[in-house]
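Text of run_5.pdb (PDB, C-alpha atoms, pLDDT in the B column) as supplied:
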ATOM      1  CA  MET M  15      23.675  18.129 -36.427  1.00 94.00           C
ATOM      2  CA  LYS M  16      26.995  19.767 -35.512  1.00 95.00           C
ATOM      3  CA  LEU M  17      30.379  18.005 -35.530  1.00 95.00           C
ATOM      4  CA  GLY M  18      32.731  17.754 -32.584  1.00 93.00           C
ATOM      5  CA  LYS M  19      35.452  15.618 -31.076  1.00 93.00           C
ATOM      6  CA  VAL M  20      34.947  13.891 -27.725  1.00 93.00           C
ATOM      7  CA  ILE M  21      37.611  15.175 -25.317  1.00 92.00           C
ATOM      8  CA  GLY M  22      36.335  13.829 -22.023  1.00 94.00           C
ATOM      9  CA  ARG M  23      33.512  12.322 -19.991  1.00 95.00           C
ATOM     10  CA  VAL M  24      31.428  13.574 -17.078  1.00 95.00           C
ATOM     11  CA  THR M  25      30.012  11.550 -14.188  1.00 94.00           C
ATOM     12  CA  LEU M  26      27.224  13.119 -12.121  1.00 92.00           C
ATOM     13  CA  SER M  27      27.039  12.023  -8.504  1.00 91.00           C
ATOM     14  CA  VAL M  28      23.816  13.899  -7.738  1.00 92.00           C
ATOM     15  CA  ALA M  29      21.498  14.355 -10.711  1.00 90.00           C
ATOM     16  CA  CYS M  30      17.914  14.676 -11.813  1.00 90.00           C
ATOM     17  CA  PRO M  31      16.124  11.287 -11.493  1.00 90.00           C
ATOM     18  CA  ALA M  32      15.505  11.277 -15.252  1.00 89.00           C
ATOM     19  CA  PHE M  33      19.288  11.019 -15.747  1.00 90.00           C
ATOM     20  CA  LYS M  34      19.698   7.683 -14.000  1.00 88.00           C
ATOM     21  CA  GLY M  35      22.359   5.692 -15.862  1.00 87.00           C
ATOM     22  CA  ALA M  36      23.031   8.507 -18.339  1.00 91.00           C
ATOM     23  CA  ARG M  37      26.383   8.901 -20.090  1.00 95.00           C
ATOM     24  CA  TRP M  38      27.822  12.376 -20.647  1.00 96.00           C
ATOM     25  CA  LEU M  39      30.610  13.393 -23.030  1.00 96.00           C
ATOM     26  CA  ILE M  40      32.566  16.656 -23.204  1.00 96.00           C
ATOM     27  CA  ILE M  41      32.798  17.840 -26.807  1.00 94.00           C
ATOM     28  CA  ASN M  42      35.248  20.161 -28.523  1.00 93.00           C
ATOM     29  CA  PRO M  43      32.988  21.596 -31.257  1.00 93.00           C
ATOM     30  CA  SER M  44      34.734  21.927 -34.619  1.00 91.00           C
ATOM     31  CA  ASP M  45      34.568  25.184 -36.552  1.00 88.00           C
ATOM     32  CA  ARG M  46      35.726  25.985 -40.088  1.00 87.00           C
ATOM     33  CA  LYS M  47      39.420  25.774 -39.214  1.00 84.00           C
ATOM     34  CA  THR M  48      39.466  22.652 -37.051  1.00 84.00           C
ATOM     35  CA  ILE M  49      37.131  20.689 -39.342  1.00 85.00           C
ATOM     36  CA  LYS M  50      39.991  20.249 -41.814  1.00 81.00           C
ATOM     37  CA  THR M  51      41.830  18.186 -39.196  1.00 78.00           C
ATOM     38  CA  LEU M  52      38.739  15.972 -38.812  1.00 76.00           C
ATOM     39  CA  SER M  53      38.642  15.197 -42.504  1.00 68.00           C
ATOM     40  CA  GLU M  54      42.375  14.468 -42.607  1.00 69.00           C
ATOM     41  CA  ASP M  55      42.303  12.402 -39.381  1.00 64.00           C
ATOM     42  CA  MET M  56      45.046  14.547 -37.866  1.00 63.00           C
ATOM     43  CA  GLU M  57      45.337  14.782 -34.121  1.00 68.00           C
ATOM     44  CA  SER M  58      44.274  18.358 -33.412  1.00 66.00           C
ATOM     45  CA  THR M  59      44.807  19.310 -29.805  1.00 70.00           C
ATOM     46  CA  ALA M  60      43.638  22.925 -30.292  1.00 79.00           C
ATOM     47  CA  LEU M  61      40.455  23.708 -28.386  1.00 85.00           C
ATOM     48  CA  SER M  62      37.930  25.659 -30.444  1.00 85.00           C
ATOM     49  CA  PRO M  63      36.940  29.064 -29.069  1.00 86.00           C
ATOM     50  CA  GLY M  64      33.614  29.087 -27.264  1.00 87.00           C
ATOM     51  CA  PRO M  65      32.112  26.642 -24.794  1.00 92.00           C
ATOM     52  CA  SER M  66      32.708  22.877 -24.862  1.00 93.00           C
ATOM     53  CA  PRO M  67      29.216  21.391 -24.516  1.00 95.00           C
ATOM     54  CA  VAL M  68      28.419  18.339 -22.384  1.00 96.00           C
ATOM     55  CA  VAL M  69      26.365  15.979 -24.513  1.00 96.00           C
ATOM     56  CA  TYR M  70      24.034  13.120 -23.509  1.00 96.00           C
ATOM     57  CA  ASP M  71      25.195   9.908 -25.156  1.00 95.00           C
ATOM     58  CA  ASP M  72      23.526   6.542 -25.628  1.00 92.00           C
ATOM     59  CA  LEU M  73      25.498   5.409 -28.686  1.00 94.00           C
ATOM     60  CA  GLY M  74      28.622   4.609 -26.695  1.00 93.00           C
ATOM     61  CA  ALA M  75      31.125   7.126 -28.080  1.00 94.00           C
ATOM     62  CA  GLY M  76      34.535   7.230 -26.407  1.00 92.00           C
ATOM     63  CA  VAL M  77      37.205   9.875 -25.974  1.00 92.00           C
ATOM     64  CA  GLY M  78      38.787  10.749 -29.334  1.00 90.00           C
ATOM     65  CA  ASP M  79      35.718   9.838 -31.420  1.00 91.00           C
ATOM     66  CA  ILE M  80      34.204  12.345 -33.812  1.00 93.00           C
ATOM     67  CA  ILE M  81      30.473  12.685 -33.211  1.00 94.00           C
ATOM     68  CA  GLY M  82      27.481  14.587 -34.565  1.00 95.00           C
ATOM     69  CA  TYR M  83      25.395  16.172 -31.845  1.00 96.00           C
ATOM     70  CA  VAL M  84      22.139  18.144 -31.831  1.00 96.00           C
ATOM     71  CA  GLU M  85      21.415  21.069 -29.505  1.00 95.00           C
ATOM     72  CA  GLY M  86      18.106  22.597 -28.536  1.00 93.00           C
ATOM     73  CA  ALA M  87      14.622  21.223 -27.940  1.00 92.00           C
ATOM     74  CA  GLU M  88      15.133  18.592 -30.630  1.00 93.00           C
ATOM     75  CA  ALA M  89      17.651  16.903 -28.304  1.00 94.00           C
ATOM     76  CA  ALA M  90      14.858  15.938 -25.924  1.00 93.00           C
ATOM     77  CA  ALA M  91      12.740  14.350 -28.667  1.00 93.00           C
ATOM     78  CA  PRO M  92      13.990  10.742 -28.327  1.00 94.00           C
ATOM     79  CA  PHE M  93      12.899  10.448 -24.687  1.00 93.00           C
ATOM     80  CA  LYS M  94       9.511   8.947 -23.723  1.00 91.00           C
ATOM     81  CA  ASN M  95       9.011  10.943 -20.554  1.00 89.00           C
ATOM     82  CA  PRO M  96      10.086  14.614 -20.492  1.00 89.00           C
ATOM     83  CA  THR M  97      13.858  14.883 -19.816  1.00 92.00           C
ATOM     84  CA  PRO M  98      15.806  18.133 -19.393  1.00 93.00           C
ATOM     85  CA  VAL M  99      18.391  17.370 -22.093  1.00 94.00           C
ATOM     86  CA  ASP M 100      19.481  20.048 -24.557  1.00 93.00           C
ATOM     87  CA  ALA M 101      22.382  18.328 -26.332  1.00 96.00           C
ATOM     88  CA  ILE M 102      22.442  14.739 -27.518  1.00 96.00           C
ATOM     89  CA  ASN M 103      24.884  12.608 -29.500  1.00 96.00           C
ATOM     90  CA  THR M 104      23.082  11.456 -32.660  1.00 96.00           C
ATOM     91  CA  ALA M 105      25.902   9.869 -34.701  1.00 96.00           C
ATOM     92  CA  ILE M 106      29.423   8.526 -34.347  1.00 96.00           C
ATOM     93  CA  ILE M 107      31.164   9.734 -37.478  1.00 94.00           C
ATOM     94  CA  ASP M 108      33.406   7.370 -39.467  1.00 93.00           C
ATOM     95  CA  ARG M 109      34.521   9.696 -42.287  1.00 91.00           C
ATOM     96  CA  VAL M 110      34.217  13.427 -42.952  1.00 92.00           C
ATOM     97  CA  PHE M 111      34.607  14.652 -46.555  1.00 93.00           C
ATOM     98  CA  TYR M 112      35.233  18.409 -46.469  1.00 92.00           C
ATOM     99  CA  ASN M 113      35.797  20.391 -49.658  1.00 92.00           C
ATOM    100  CA  PRO M 114      35.322  24.114 -48.947  1.00 90.00           C
ATOM    101  CA  PHE M 115      34.095  26.395 -51.736  1.00 89.00           C
ATOM    102  CA  GLU M 116      36.380  29.261 -52.831  1.00 85.00           C
ATOM    103  CA  SER M 117      34.183  31.816 -54.580  1.00 73.00           C
TER
ATOM    104  CA  MET T  17      15.764  29.316 -42.788  1.00 86.00           C
ATOM    105  CA  LEU T  18      19.495  29.276 -43.362  1.00 92.00           C
ATOM    106  CA  LEU T  19      21.246  29.945 -46.652  1.00 95.00           C
ATOM    107  CA  ALA T  20      24.142  27.497 -46.943  1.00 96.00           C
ATOM    108  CA  ARG T  21      26.510  25.881 -49.387  1.00 95.00           C
ATOM    109  CA  VAL T  22      27.133  22.145 -49.606  1.00 96.00           C
ATOM    110  CA  VAL T  23      30.833  21.557 -48.773  1.00 95.00           C
ATOM    111  CA  GLY T  24      30.997  17.794 -48.281  1.00 95.00           C
ATOM    112  CA  ASN T  25      29.323  14.891 -46.601  1.00 94.00           C
ATOM    113  CA  ILE T  26      29.793  12.525 -43.673  1.00 94.00           C
ATOM    114  CA  VAL T  27      29.636   8.777 -43.215  1.00 95.00           C
ATOM    115  CA  ALA T  28      28.289   7.411 -39.915  1.00 95.00           C
ATOM    116  CA  THR T  29      27.302   3.802 -39.389  1.00 94.00           C
ATOM    117  CA  GLN T  30      26.500   4.159 -35.672  1.00 95.00           C
ATOM    118  CA  LYS T  31      23.657   6.703 -35.454  1.00 94.00           C
ATOM    119  CA  HIS T  32      20.082   7.239 -34.303  1.00 94.00           C
ATOM    120  CA  LYS T  33      17.798   4.779 -36.061  1.00 94.00           C
ATOM    121  CA  SER T  34      15.744   7.560 -37.659  1.00 94.00           C
ATOM    122  CA  LEU T  35      18.842   8.712 -39.609  1.00 94.00           C
ATOM    123  CA  LEU T  36      19.413   5.299 -41.202  1.00 94.00           C
ATOM    124  CA  GLY T  37      19.305   5.586 -44.983  1.00 93.00           C
ATOM    125  CA  GLN T  38      19.324   9.399 -44.916  1.00 94.00           C
ATOM    126  CA  ARG T  39      21.847  11.340 -46.998  1.00 95.00           C
ATOM    127  CA  LEU T  40      23.909  13.518 -44.605  1.00 96.00           C
ATOM    128  CA  LEU T  41      25.549  16.534 -46.254  1.00 96.00           C
ATOM    129  CA  LEU T  42      28.000  18.975 -44.678  1.00 96.00           C
ATOM    130  CA  CYS T  43      26.667  22.493 -45.287  1.00 96.00           C
ATOM    131  CA  GLN T  44      28.438  25.769 -44.548  1.00 96.00           C
ATOM    132  CA  PRO T  45      25.980  28.580 -43.663  1.00 95.00           C
ATOM    133  CA  GLU T  46      26.887  31.794 -45.470  1.00 94.00           C
ATOM    134  CA  THR T  47      25.662  35.327 -46.185  1.00 94.00           C
ATOM    135  CA  PHE T  48      23.928  36.213 -49.445  1.00 91.00           C
ATOM    136  CA  GLU T  49      27.233  37.490 -50.838  1.00 91.00           C
ATOM    137  CA  GLY T  50      28.801  34.122 -50.021  1.00 89.00           C
ATOM    138  CA  LYS T  51      30.832  34.949 -46.914  1.00 93.00           C
ATOM    139  CA  PRO T  52      30.932  31.832 -44.647  1.00 93.00           C
ATOM    140  CA  LEU T  53      29.263  32.270 -41.255  1.00 92.00           C
ATOM    141  CA  GLY T  54      29.991  30.015 -38.284  1.00 91.00           C
ATOM    142  CA  ALA T  55      30.676  26.281 -38.225  1.00 92.00           C
ATOM    143  CA  PRO T  56      29.554  23.808 -40.907  1.00 94.00           C
ATOM    144  CA  LEU T  57      26.405  21.837 -40.070  1.00 95.00           C
ATOM    145  CA  VAL T  58      25.304  18.341 -41.070  1.00 96.00           C
ATOM    146  CA  ALA T  59      21.910  18.410 -42.776  1.00 96.00           C
ATOM    147  CA  ILE T  60      19.616  15.655 -43.999  1.00 96.00           C
ATOM    148  CA  ASP T  61      19.244  15.866 -47.776  1.00 96.00           C
ATOM    149  CA  GLN T  62      16.291  14.313 -49.614  1.00 95.00           C
ATOM    150  CA  LEU T  63      16.537  16.513 -52.721  1.00 95.00           C
ATOM    151  CA  GLY T  64      19.881  15.378 -54.106  1.00 94.00           C
ATOM    152  CA  ALA T  65      21.875  18.579 -53.684  1.00 94.00           C
ATOM    153  CA  GLY T  66      25.334  18.459 -55.259  1.00 94.00           C
ATOM    154  CA  LEU T  67      28.718  19.645 -53.989  1.00 95.00           C
ATOM    155  CA  HIS T  68      29.133  23.465 -53.804  1.00 94.00           C
ATOM    156  CA  GLN T  69      25.462  24.012 -54.586  1.00 95.00           C
ATOM    157  CA  ARG T  70      23.609  26.625 -52.555  1.00 95.00           C
ATOM    158  CA  VAL T  71      20.797  25.232 -50.443  1.00 96.00           C
ATOM    159  CA  ASN T  72      18.150  26.344 -47.973  1.00 95.00           C
ATOM    160  CA  LEU T  73      18.306  24.664 -44.545  1.00 95.00           C
ATOM    161  CA  THR T  74      15.581  24.580 -41.928  1.00 95.00           C
ATOM    162  CA  SER T  75      16.625  24.305 -38.286  1.00 93.00           C
ATOM    163  CA  ASP T  76      13.116  23.409 -37.118  1.00 92.00           C
ATOM    164  CA  GLY T  77      12.825  19.998 -35.453  1.00 92.00           C
ATOM    165  CA  LEU T  78       9.142  19.631 -36.296  1.00 94.00           C
ATOM    166  CA  THR T  79       9.896  19.730 -40.028  1.00 93.00           C
ATOM    167  CA  ALA T  80      12.852  17.406 -39.580  1.00 94.00           C
ATOM    168  CA  ARG T  81      10.820  14.862 -37.634  1.00 94.00           C
ATOM    169  CA  SER T  82       8.117  14.860 -40.294  1.00 94.00           C
ATOM    170  CA  ARG T  83      10.731  14.480 -43.058  1.00 93.00           C
ATOM    171  CA  VAL T  84      12.166  11.345 -41.432  1.00 93.00           C
ATOM    172  CA  ASN T  85       8.639  10.388 -40.226  1.00 92.00           C
ATOM    173  CA  ASP T  86       9.763   9.473 -36.742  1.00 93.00           C
ATOM    174  CA  GLN T  87       8.305  11.584 -33.942  1.00 93.00           C
ATOM    175  CA  ARG T  88      11.158  10.544 -31.618  1.00 94.00           C
ATOM    176  CA  SER T  89      13.974  11.594 -33.959  1.00 95.00           C
ATOM    177  CA  PRO T  90      16.580  14.138 -32.791  1.00 94.00           C
ATOM    178  CA  ALA T  91      17.015  15.316 -36.392  1.00 93.00           C
ATOM    179  CA  ARG T  92      17.192  19.102 -36.758  1.00 94.00           C
ATOM    180  CA  TYR T  93      18.717  20.480 -39.972  1.00 95.00           C
ATOM    181  CA  VAL T  94      17.034  19.466 -43.240  1.00 96.00           C
ATOM    182  CA  ILE T  95      17.678  20.726 -46.769  1.00 96.00           C
ATOM    183  CA  ILE T  96      14.324  21.993 -48.015  1.00 95.00           C
ATOM    184  CA  GLY T  97      15.446  23.816 -51.132  1.00 95.00           C
ATOM    185  CA  VAL T  98      18.247  23.833 -53.692  1.00 95.00           C
ATOM    186  CA  LEU T  99      18.892  27.313 -55.106  1.00 93.00           C
ATOM    187  CA  ASP T 100      19.305  27.897 -58.857  1.00 88.00           C
ATOM    188  CA  ASN T 101      21.701  30.807 -58.591  1.00 75.00           C
TER
END
Translate the structure of the given file into C-alpha coordinates.
Amino acid sequence: MKLGKVIGRVTLSVACPAFKGARWLIINPSDRKTIKTLSEDMESTALSPGPSPVVYDDLGAGVGDIIGYVEGAEAAAPFKNPTPVDAINTAIIDRVFYNPFES
Amino acid sequence: MLLARVVGNIVATQKHKSLLGQRLLLCQPETFEGKPLGAPLVAIDQLGAGLHQRVNLTSDGLTARSRVNDQRSPARYVIIGVLDN
(Lines of atoms letter the chains of each structure in order from A and count residues from 1; the text may use other names and numbers.)
(Lines give C-alpha, C1' and ligand atoms only; values in the text may rest on other atoms or scores of the structure.)
Protein backbone atom coordinates (compact mmCIF):
# COMPACT_ATOMS: atom_id res chain seq x y z
CA MET A 1 0.00 0.00 0.00
CA LYS A 2 1.23 3.53 -0.78
CA LEU A 3 0.06 6.69 1.00
CA GLY A 4 -1.47 9.71 -0.67
CA LYS A 5 -3.81 12.61 -0.10
CA VAL A 6 -7.07 12.91 -2.04
CA ILE A 7 -6.98 16.17 -4.01
CA GLY A 8 -9.96 15.73 -6.29
CA ARG A 9 -12.56 13.46 -7.86
CA VAL A 10 -13.21 12.28 -11.40
CA THR A 11 -16.57 11.56 -13.04
CA LEU A 12 -16.57 9.49 -16.24
CA SER A 13 -19.40 10.20 -18.65
CA VAL A 14 -18.51 7.39 -21.06
CA ALA A 15 -16.80 4.41 -19.46
CA CYS A 16 -16.29 0.68 -19.63
CA PRO A 17 -19.50 -1.14 -18.55
CA ALA A 18 -17.61 -2.72 -15.64
CA PHE A 19 -17.21 0.79 -14.16
CA LYS A 20 -20.92 1.46 -13.72
CA GLY A 21 -21.38 3.43 -10.50
CA ALA A 22 -17.64 3.58 -9.80
CA ARG A 23 -16.08 6.38 -7.75
CA TRP A 24 -12.71 7.81 -8.77
CA LEU A 25 -10.34 9.93 -6.67
CA ILE A 26 -7.30 11.94 -7.76
CA ILE A 27 -4.40 11.29 -5.40
CA ASN A 28 -1.30 13.32 -4.61
CA PRO A 29 1.13 10.51 -3.71
CA SER A 30 3.32 11.33 -0.72
CA ASP A 31 7.08 10.84 -0.90
CA ARG A 32 9.71 11.08 1.84
CA LYS A 33 9.42 14.86 2.16
CA THR A 34 5.65 15.30 2.06
CA ILE A 35 4.96 12.35 4.37
CA LYS A 36 6.14 14.44 7.32
CA THR A 37 3.20 16.78 6.74
CA LEU A 38 0.83 13.78 6.82
CA SER A 39 2.09 12.69 10.21
CA GLU A 40 1.87 16.22 11.61
CA ASP A 41 -1.57 16.88 10.05
CA MET A 42 -0.28 20.03 8.38
CA GLU A 43 -2.00 21.31 5.28
CA SER A 44 0.56 20.65 2.56
CA THR A 45 -0.46 22.16 -0.74
CA ALA A 46 2.75 21.10 -2.54
CA LEU A 47 2.13 18.57 -5.30
CA SER A 48 4.62 15.70 -5.28
CA PRO A 49 6.70 15.29 -8.44
CA GLY A 50 5.46 12.55 -10.74
CA PRO A 51 1.96 11.62 -11.84
CA SER A 52 -1.14 11.97 -9.65
CA PRO A 53 -2.91 8.62 -10.02
CA VAL A 54 -6.69 8.25 -10.35
CA VAL A 55 -7.77 5.59 -7.88
CA TYR A 56 -10.94 3.45 -7.77
CA ASP A 57 -12.70 3.97 -4.46
CA ASP A 58 -15.47 2.06 -2.72
CA LEU A 59 -14.65 3.10 0.86
CA GLY A 60 -16.07 6.59 0.44
CA ALA A 61 -12.98 8.77 0.86
CA GLY A 62 -13.44 12.50 0.30
CA VAL A 63 -11.17 15.33 -0.78
CA GLY A 64 -8.53 16.02 1.88
CA ASP A 65 -8.51 12.47 3.29
CA ILE A 66 -5.28 10.52 3.54
CA ILE A 67 -5.65 7.10 1.94
CA GLY A 68 -3.62 3.97 1.30
CA TYR A 69 -3.88 2.75 -2.27
CA VAL A 70 -2.52 -0.28 -4.13
CA GLU A 71 -1.32 -0.22 -7.74
CA GLY A 72 -0.84 -3.07 -10.15
CA ALA A 73 -2.65 -6.35 -10.78
CA GLU A 74 -3.43 -6.70 -7.08
CA ALA A 75 -5.84 -3.75 -7.46
CA ALA A 76 -8.16 -5.88 -9.58
CA ALA A 77 -8.28 -8.72 -7.04
CA PRO A 78 -11.40 -7.62 -5.11
CA PHE A 79 -13.64 -7.73 -8.18
CA LYS A 80 -15.74 -10.83 -9.02
CA ASN A 81 -15.74 -10.38 -12.77
CA PRO A 82 -12.56 -9.13 -14.49
CA THR A 83 -12.33 -5.30 -14.24
CA PRO A 84 -9.61 -3.14 -15.81
CA VAL A 85 -8.60 -1.40 -12.57
CA ASP A 86 -4.95 -0.85 -11.70
CA ALA A 87 -5.21 1.40 -8.63
CA ILE A 88 -7.63 0.95 -5.76
CA ASN A 89 -8.18 2.68 -2.42
CA THR A 90 -7.68 0.06 0.30
CA ALA A 91 -7.70 2.16 3.50
CA ILE A 92 -8.69 5.57 4.80
CA ILE A 93 -5.87 6.50 7.14
CA ASP A 94 -6.63 8.02 10.56
CA ARG A 95 -3.08 8.48 11.90
CA VAL A 96 0.40 8.21 10.40
CA PHE A 97 3.35 7.71 12.78
CA TYR A 98 6.55 8.54 10.89
CA ASN A 99 9.95 8.36 12.58
CA PRO A 100 12.69 8.28 9.93
CA PHE A 101 15.97 6.49 10.69
CA GLU A 102 19.18 8.56 10.64
CA SER A 103 22.06 6.12 10.17
CA MET B 1 12.06 -8.69 -2.69
CA LEU B 2 12.68 -5.25 -1.27
CA LEU B 3 15.12 -4.38 1.49
CA ALA B 4 13.47 -1.79 3.73
CA ARG B 5 13.59 -0.24 7.16
CA VAL B 6 10.60 0.11 9.46
CA VAL B 7 10.01 3.86 10.01
CA GLY B 8 6.58 3.95 11.64
CA ASN B 9 3.08 2.62 11.38
CA ILE B 10 -0.41 3.71 10.36
CA VAL B 11 -3.84 3.48 11.93
CA ALA B 12 -6.84 2.97 9.63
CA THR B 13 -10.27 1.96 10.85
CA GLN B 14 -11.98 2.18 7.44
CA LYS B 15 -10.20 -0.37 5.22
CA HIS B 16 -10.68 -3.49 3.11
CA LYS B 17 -12.07 -6.28 5.27
CA SER B 18 -9.07 -8.53 4.59
CA LEU B 19 -6.79 -5.99 6.34
CA LEU B 20 -8.80 -6.03 9.58
CA GLY B 21 -6.60 -7.11 12.47
CA GLN B 22 -3.40 -6.87 10.41
CA ARG B 23 -0.43 -4.88 11.71
CA LEU B 24 0.37 -2.15 9.13
CA LEU B 25 3.94 -0.84 9.30
CA LEU B 26 5.42 2.06 7.34
CA CYS B 27 8.60 0.81 5.65
CA GLN B 28 11.16 2.88 3.76
CA PRO B 29 12.85 0.89 0.95
CA GLU B 30 16.61 1.46 0.96
CA THR B 31 19.86 0.28 -0.63
CA PHE B 32 22.15 -2.19 1.13
CA GLU B 33 24.27 0.70 2.41
CA GLY B 34 21.13 2.25 3.91
CA LYS B 35 20.41 5.06 1.45
CA PRO B 36 16.59 5.58 1.27
CA LEU B 37 15.04 4.88 -2.13
CA GLY B 38 11.65 6.24 -3.18
CA ALA B 39 8.51 6.71 -1.09
CA PRO B 40 7.71 4.80 2.12
CA LEU B 41 5.30 1.88 1.69
CA VAL B 42 2.75 0.37 4.07
CA ALA B 43 3.38 -3.34 4.57
CA ILE B 44 1.46 -6.02 6.45
CA ASP B 45 3.57 -7.35 9.32
CA GLN B 46 2.93 -10.76 10.89
CA LEU B 47 6.44 -11.22 12.32
CA GLY B 48 6.51 -8.41 14.88
CA ALA B 49 9.20 -6.21 13.34
CA GLY B 50 10.24 -3.29 15.55
CA LEU B 51 10.91 0.36 14.73
CA HIS B 52 14.09 1.01 12.68
CA GLN B 53 14.62 -2.70 12.11
CA ARG B 54 15.60 -3.82 8.62
CA VAL B 55 13.05 -6.05 6.94
CA ASN B 56 12.46 -7.90 3.69
CA LEU B 57 9.27 -6.95 1.82
CA THR B 58 7.58 -8.89 -0.94
CA SER B 59 5.55 -6.95 -3.50
CA ASP B 60 3.85 -10.08 -4.85
CA GLY B 61 0.06 -10.11 -4.48
CA LEU B 62 -0.16 -13.90 -4.51
CA THR B 63 1.94 -14.14 -1.35
CA ALA B 64 0.01 -11.29 0.25
CA ARG B 65 -3.35 -12.88 -0.50
CA SER B 66 -2.22 -16.18 0.99
CA ARG B 67 -0.86 -14.40 4.09
CA VAL B 68 -4.23 -12.76 4.78
CA ASN B 69 -6.00 -15.90 3.42
CA ASP B 70 -8.49 -13.95 1.35
CA GLN B 71 -8.29 -14.52 -2.40
CA ARG B 72 -10.12 -11.21 -3.03
CA SER B 73 -7.74 -9.05 -0.98
CA PRO B 74 -5.95 -6.10 -2.62
CA ALA B 75 -3.03 -6.56 -0.21
CA ARG B 76 0.39 -6.28 -1.86
CA TYR B 77 3.38 -5.58 0.41
CA VAL B 78 4.06 -8.11 3.18
CA ILE B 79 7.02 -8.34 5.55
CA ILE B 80 8.43 -11.83 5.06
CA GLY B 81 11.71 -11.46 6.91
CA VAL B 82 13.32 -9.43 9.68
CA LEU B 83 17.07 -8.99 9.16
CA ASP B 84 19.56 -9.54 12.00
CA ASN B 85 22.11 -7.01 10.85
Task: Close residues, range 75-90 of chain T itself excluded, 7 Å, all atoms listed in the file, min 4 positions apart in chain, as number ranges by chain - done: M: 84, 88-89, 91-92; T: 17, 34, 94
- [ ] Quick one: everything within 7 Å of Gly18 in chain M, counting all atoms listed in the file, minus sequence neighbours fewer than 2 positions away in the same chain. Send it as a PyMOL selection string.
- [x] chain M and resi 16+20+41-44+80-82
Open item on the list: I need the contact residues of chain M against chain T, so if you could list those with any atom within 8 Å, counting all atoms listed in the file, and return them as number ranges by chain, that would help.
Closed with: M: 15-17, 44-46, 73, 82, 84, 87-93, 102, 104-115, 117
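What separates CA of Pro67 in chain M from CA of Ile21 in chain M is a distance of 10.5 Å.
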TODO: State, in Å with one decimal place, the distance from CA of Gly97 in chain T to CA of Leu63 in chain T.
DONE: 7.6 Å
Open item on the list: So the first atom is CA of Tyr83 in chain M and the second is CA of Asp61 in chain T; what is the distance between them in Å, to one decimal place?
Closed with: 17.1 Å
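On the file presented, the PyMOL selection byres ((chain T and resi 98-100) around 9) picks out Leu63, Gly64, Ala65, Gln69, Arg70, Val71, Asn72, Ile95, Ile96, Gly97 and Asn101 of chain T.
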Selection above as a file: C-alpha atoms, as a PDB file, keeping the file's coordinate frame:
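File written: out_36.pdb
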ATOM      1  CA  LEU T  63      16.537  16.513 -52.721  1.00 95.00           C
ATOM      2  CA  GLY T  64      19.881  15.378 -54.106  1.00 94.00           C
ATOM      3  CA  ALA T  65      21.875  18.579 -53.684  1.00 94.00           C
ATOM      4  CA  GLN T  69      25.462  24.012 -54.586  1.00 95.00           C
ATOM      5  CA  ARG T  70      23.609  26.625 -52.555  1.00 95.00           C
ATOM      6  CA  VAL T  71      20.797  25.232 -50.443  1.00 96.00           C
ATOM      7  CA  ASN T  72      18.150  26.344 -47.973  1.00 95.00           C
ATOM      8  CA  ILE T  95      17.678  20.726 -46.769  1.00 96.00           C
ATOM      9  CA  ILE T  96      14.324  21.993 -48.015  1.00 95.00           C
ATOM     10  CA  GLY T  97      15.446  23.816 -51.132  1.00 95.00           C
ATOM     11  CA  ASN T 101      21.701  30.807 -58.591  1.00 75.00           C
TER      12      ASN T 101
END
As a check of understanding, name the residues that the PyMOL selection byres ((chain M and resi 100) around 6) selects in the supplied structure, as a PDB file with C-alpha atoms, keeping the file's coordinate frame.
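Just written: part06.pdb:
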ATOM      1  CA  GLU M  85      21.415  21.069 -29.505  1.00 95.00           C
ATOM      2  CA  GLY M  86      18.106  22.597 -28.536  1.00 93.00           C
ATOM      3  CA  ALA M  89      17.651  16.903 -28.304  1.00 94.00           C
ATOM      4  CA  VAL M  99      18.391  17.370 -22.093  1.00 94.00           C
ATOM      5  CA  ALA M 101      22.382  18.328 -26.332  1.00 96.00           C
TER       6      ALA M 101
END
